[in-house]
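**Q** Sharing entry_3.cif (mmCIF, C-alpha atoms) below.
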data_input
loop_
_atom_site.label_atom_id
_atom_site.label_comp_id
_atom_site.auth_asym_id
_atom_site.auth_seq_id
_atom_site.Cartn_x
_atom_site.Cartn_y
_atom_site.Cartn_z
CA MET A 1 -48.69 -94.98 -69.48
CA ASN A 2 -45.24 -94.15 -68.15
CA PRO A 3 -42.36 -94.79 -70.52
CA GLU A 4 -39.92 -97.43 -69.41
CA LEU A 5 -37.23 -95.95 -67.18
CA LYS A 6 -33.73 -96.33 -68.51
CA PRO A 7 -30.75 -97.02 -66.24
CA CYS A 8 -29.12 -93.79 -65.01
CA ALA A 9 -25.42 -93.03 -65.00
CA GLN A 10 -23.87 -91.10 -62.14
CA SER A 11 -22.43 -87.68 -62.91
CA THR A 12 -18.64 -87.81 -62.84
CA HIS A 13 -18.30 -84.54 -60.94
CA TYR A 14 -21.59 -83.85 -59.19
CA PHE A 15 -22.85 -87.08 -57.70
CA LEU A 16 -21.67 -86.09 -54.25
CA ARG A 17 -21.19 -88.53 -51.44
CA ASP A 18 -22.84 -87.41 -48.25
CA HIS A 19 -20.11 -86.70 -45.75
CA GLY A 20 -22.75 -85.66 -43.26
CA MET A 21 -22.29 -83.22 -40.44
CA LEU A 22 -19.56 -82.95 -37.84
CA MET A 23 -19.27 -81.13 -34.53
CA PHE A 24 -16.25 -79.02 -33.65
CA GLU A 25 -15.44 -77.28 -30.38
CA ALA A 26 -13.38 -74.12 -30.01
CA GLU A 27 -13.20 -72.17 -26.74
CA ASN A 28 -16.19 -74.12 -25.38
CA VAL A 29 -18.33 -73.10 -28.36
CA LEU A 30 -19.83 -75.93 -30.43
CA PHE A 31 -20.13 -75.79 -34.21
CA ARG A 32 -22.10 -78.32 -36.25
CA VAL A 33 -21.24 -77.96 -39.93
CA HIS A 34 -20.98 -79.92 -43.15
CA GLU A 35 -17.92 -82.11 -43.26
CA TYR A 36 -17.49 -81.86 -47.03
CA PHE A 37 -15.79 -78.44 -47.32
CA LEU A 38 -13.28 -78.93 -44.53
CA HIS A 39 -12.56 -82.49 -45.65
CA ARG A 40 -11.92 -81.25 -49.19
CA ASP A 41 -9.75 -78.24 -48.39
CA SER A 42 -7.62 -79.27 -45.41
CA PRO A 43 -5.40 -82.35 -45.26
CA VAL A 44 -4.84 -81.59 -41.57
CA LEU A 45 -8.54 -81.63 -40.69
CA ARG A 46 -9.09 -84.55 -43.04
CA ASP A 47 -6.74 -86.65 -40.93
CA MET A 48 -8.78 -85.76 -37.84
CA MET A 49 -12.04 -86.96 -39.37
CA PRO A 50 -13.13 -90.58 -39.15
CA VAL A 51 -13.66 -92.67 -42.25
CA GLU A 52 -17.12 -93.58 -41.01
CA ILE A 53 -19.32 -92.52 -38.10
CA SER A 54 -21.79 -94.97 -36.65
CA PRO A 55 -25.35 -93.67 -37.12
CA ASN A 56 -26.36 -95.25 -33.82
CA GLY A 57 -23.43 -94.08 -31.73
CA PRO A 58 -22.83 -90.74 -30.01
CA GLU A 59 -21.88 -87.86 -32.28
CA PRO A 60 -18.14 -87.21 -31.85
CA ILE A 61 -16.85 -83.74 -31.05
CA PHE A 62 -13.55 -82.63 -32.56
CA HIS A 63 -11.70 -80.25 -30.28
CA LEU A 64 -9.81 -77.43 -31.98
CA ASP A 65 -7.18 -76.71 -29.34
CA GLY A 66 -5.64 -73.27 -29.52
CA VAL A 67 -8.23 -72.00 -32.01
CA ARG A 68 -10.36 -68.96 -31.19
CA SER A 69 -14.06 -69.59 -31.70
CA LYS A 70 -14.40 -66.24 -33.48
CA ASP A 71 -11.64 -67.16 -35.93
CA PHE A 72 -13.26 -70.50 -36.75
CA GLU A 73 -16.59 -68.74 -37.19
CA GLN A 74 -15.01 -66.36 -39.70
CA LEU A 75 -13.51 -69.26 -41.64
CA LEU A 76 -16.93 -70.91 -41.80
CA TRP A 77 -18.45 -67.64 -43.01
CA LEU A 78 -16.32 -68.04 -46.13
CA TYR A 79 -18.07 -71.33 -46.89
CA TYR A 80 -21.56 -70.30 -45.86
CA ASN A 81 -21.43 -66.76 -47.26
CA PRO A 82 -24.93 -66.10 -48.67
CA ALA A 83 -23.57 -63.64 -51.24
CA VAL A 84 -21.48 -66.41 -52.90
CA THR A 85 -19.17 -64.18 -54.96
CA VAL A 86 -19.06 -61.13 -52.67
CA TYR A 87 -16.58 -61.45 -49.83
CA ASP A 88 -17.17 -58.18 -48.01
CA ALA A 89 -15.31 -58.34 -44.70
CA PRO A 90 -12.86 -56.21 -42.70
CA LYS A 91 -9.16 -57.00 -42.77
CA THR A 92 -9.34 -58.54 -39.28
CA THR A 93 -11.54 -61.28 -40.74
CA TRP A 94 -9.06 -62.00 -43.52
CA HIS A 95 -6.17 -62.06 -41.04
CA ALA A 96 -8.07 -64.64 -38.96
CA ILE A 97 -8.92 -66.77 -41.99
CA LEU A 98 -5.33 -66.58 -43.24
CA LYS A 99 -4.03 -67.75 -39.87
CA LEU A 100 -6.27 -70.83 -39.86
CA ALA A 101 -5.56 -71.53 -43.53
CA ASP A 102 -1.86 -71.63 -42.67
CA ARG A 103 -2.44 -73.86 -39.67
CA TRP A 104 -4.59 -76.35 -41.56
CA GLU A 105 -2.76 -76.20 -44.92
CA MET A 106 -5.77 -74.84 -46.81
CA ASP A 107 -3.99 -73.52 -49.89
CA ASN A 108 -7.08 -72.38 -51.82
CA ILE A 109 -8.53 -70.60 -48.79
CA LYS A 110 -5.17 -68.95 -48.18
CA LYS A 111 -5.21 -67.51 -51.71
CA ILE A 112 -8.70 -66.09 -51.21
CA ALA A 113 -7.83 -64.57 -47.84
CA LEU A 114 -4.55 -63.09 -49.05
CA GLY A 115 -6.12 -61.65 -52.20
CA ASN A 116 -8.87 -59.91 -50.24
CA LEU A 117 -6.46 -58.74 -47.55
CA LEU A 118 -4.22 -57.05 -50.11
CA LYS A 119 -7.25 -55.24 -51.55
CA ALA A 120 -8.16 -53.78 -48.15
CA ALA A 121 -7.90 -50.00 -48.30
CA ASP A 122 -6.82 -49.82 -44.65
CA LEU A 123 -3.99 -52.37 -44.88
CA GLU A 124 -1.09 -50.74 -43.06
CA PRO A 125 2.46 -50.76 -44.48
CA LEU A 126 3.67 -52.80 -41.49
CA GLU A 127 0.99 -55.41 -42.18
CA ARG A 128 2.20 -55.70 -45.76
CA ILE A 129 5.76 -56.09 -44.47
CA MET A 130 4.68 -58.91 -42.16
CA LEU A 131 2.94 -60.66 -45.06
CA CYS A 132 6.24 -60.42 -46.91
CA GLU A 133 8.18 -61.88 -43.99
CA ARG A 134 5.68 -64.76 -43.78
CA GLY A 135 6.50 -65.57 -47.38
CA ASP A 136 3.14 -64.49 -48.80
CA LEU A 137 4.65 -61.59 -50.76
CA SER A 138 7.98 -61.05 -52.46
CA ARG A 139 10.38 -58.35 -51.28
CA ASP A 140 9.55 -56.35 -54.40
CA GLN A 141 5.86 -56.37 -53.47
CA ALA A 142 6.69 -54.95 -50.04
CA THR A 143 9.35 -52.41 -51.03
CA GLU A 144 6.96 -49.44 -50.99
CA ALA A 145 5.75 -50.46 -47.54
CA TYR A 146 9.35 -50.60 -46.28
CA ILE A 147 10.04 -47.15 -47.74
CA THR A 148 6.93 -45.71 -46.05
CA VAL A 149 7.84 -47.14 -42.65
CA CYS A 150 11.53 -46.29 -42.84
CA SER A 151 11.01 -42.70 -43.98
CA ARG A 152 8.08 -41.72 -41.76
CA GLU A 153 8.62 -39.10 -39.06
CA ALA A 154 7.25 -41.10 -36.12
CA PRO A 155 9.43 -43.90 -34.71
CA LEU A 156 8.06 -47.42 -34.38
CA THR A 157 5.89 -47.88 -31.32
CA VAL A 158 6.40 -50.62 -28.74
CA GLU A 159 3.31 -52.42 -30.03
CA GLU A 160 4.60 -52.28 -33.60
CA LEU A 161 8.01 -53.61 -32.56
CA LYS A 162 6.34 -56.60 -30.88
CA THR A 163 4.94 -57.70 -34.25
CA LEU A 164 8.30 -57.66 -36.03
CA SER A 165 11.00 -60.28 -36.28
CA THR A 166 14.54 -59.39 -35.23
CA GLU A 167 15.64 -59.35 -38.87
CA VAL A 168 12.95 -56.87 -39.89
CA MET A 169 13.68 -54.64 -36.89
CA VAL A 170 17.36 -54.49 -37.89
CA ILE A 171 16.48 -53.62 -41.50
CA ILE A 172 14.07 -50.85 -40.51
CA THR A 173 16.26 -49.43 -37.72
CA CYS A 174 19.41 -49.28 -39.86
CA ALA A 175 17.56 -47.79 -42.82
CA ARG A 176 15.87 -45.16 -40.64
CA GLU A 177 19.21 -44.10 -39.15
CA GLN A 178 20.72 -43.67 -42.60
CA ILE A 179 17.67 -41.78 -43.88
CA ILE A 180 17.80 -39.39 -40.91
CA ALA A 181 21.46 -38.73 -41.73
CA LEU A 182 20.46 -37.95 -45.32
CA ARG A 183 17.70 -35.48 -44.43
CA GLY A 184 17.82 -32.50 -46.72
CA ASN A 185 18.80 -34.54 -49.77
CA ALA A 186 16.44 -35.65 -52.52
CA GLU A 187 13.64 -38.04 -51.64
CA ALA A 188 15.23 -40.64 -53.88
CA SER A 189 17.95 -41.05 -51.26
CA ALA A 190 15.50 -42.70 -48.85
CA VAL A 191 14.33 -45.05 -51.58
CA ASP A 192 17.91 -46.02 -52.40
CA VAL A 193 18.73 -46.64 -48.74
CA VAL A 194 15.76 -48.97 -48.25
CA LYS A 195 16.34 -50.89 -51.47
CA THR A 196 20.00 -51.36 -50.57
CA ALA A 197 19.06 -52.63 -47.09
CA LEU A 198 16.62 -55.15 -48.56
CA LYS A 199 19.20 -56.46 -51.02
CA LYS A 200 21.57 -57.33 -48.18
CA ILE A 201 19.21 -60.03 -46.87
#
Take the structure in the file and give it back as structure tokens.

**A**
Amino acid sequence: MNPELKPCAQSTHYFLRDHGMLMFEAENVLFRVHEYFLHRDSPVLRDMMPVEISPNGPEPIFHLDGVRSKDFEQLLWLYYNPAVTVYDAPKTTWHAILKLADRWEMDNIKKIALGNLLKAADLEPLERIMLCERGDLSRDQATEAYITVCSREAPLTVEELKTLSTEVMVIITCAREQIIALRGNAEASAVDVVKTALKKI
């Protein structure tokens, strides 16, 4: 004989409401994914999503204008990563995720992307400088990168210059000119020049 069932209470944290699935389109590629994660993490996407979708009506498609399908796919990988705690990806993936996290105000995702990007062994000094100029790093956290770029033998390439703001180009150009004039002195001179240039901003 089965014991009498007692009334059940809902878990405060883990009685999840079914947000269902949603379809997104980026560059003519369709994605059908769980609504929950994007609804939770992005106030921008949350505003795009309907309060309720009719079960009998056509499934709406949300168009992600200006978003590369590959970038959106990489963001989704973060949610559907089968390794759970292992985020093994090249820096290009983290750059793409960081860009979308900025666009959609996904603060927690931004922290994950930035943390993994900074751990990348192949992160170039100029990339660290650009993270600083975006406001993701302090000037102190990018000082070594500035010193490396300003004191290197090779000048900045055209492609590198295209990635820099006018302010950063002025800092690097002025510091490089002063460092060239100081060639032959102690290495500390280059460090002092760069630190002085950064303090003027």

**Q** With distances taken over all atoms listed in the file, which residue among A:Leu198, A:Leu64, A:Tyr36, A:Val86 lies nearest A:Arg139?

**A**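 Once distances to A:Arg139 are computed over all atoms listed in the file, the minimum belongs to A:Leu198.
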
**Q** In Å, how far is it from atom CA of A:Ala120 to atom CA of A:Leu137?

**A**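 Calculated distance between atom CA of A:Ala120 and atom CA of A:Leu137 is 15.2 Å.
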
**Q** Might you spell out which residues the PyMOL selection byres ((chain A and resi 24-31) around 10) would select in the displayed file, as a PyMOL selection string?

**A** chain A and resi 21-23+32-34+60-73+76

**Q** To verify the selection step, state as number ranges by chain which residues the PyMOL selection byres ((chain A and resi 133) around 12) yields on this input.

**A** A: 126-132, 134-143, 146, 163-169, 171, 198, 201

**Q** I need the residue nearest A:Asp41 from this list: A:Ala101, A:Glu59, A:Asp88, A:Trp77. Use all atoms listed in the file for the distance.

**A**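 Of A:Ala101, A:Glu59, A:Asp88, A:Trp77, the one nearest A:Asp41 is A:Ala101, counting all atoms listed in the file.
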
**Q** Enter the distance from atom CA of A:Leu75 to atom CA of A:Leu123, in Å, rounded to one decimal.

**A** 19.7 Å
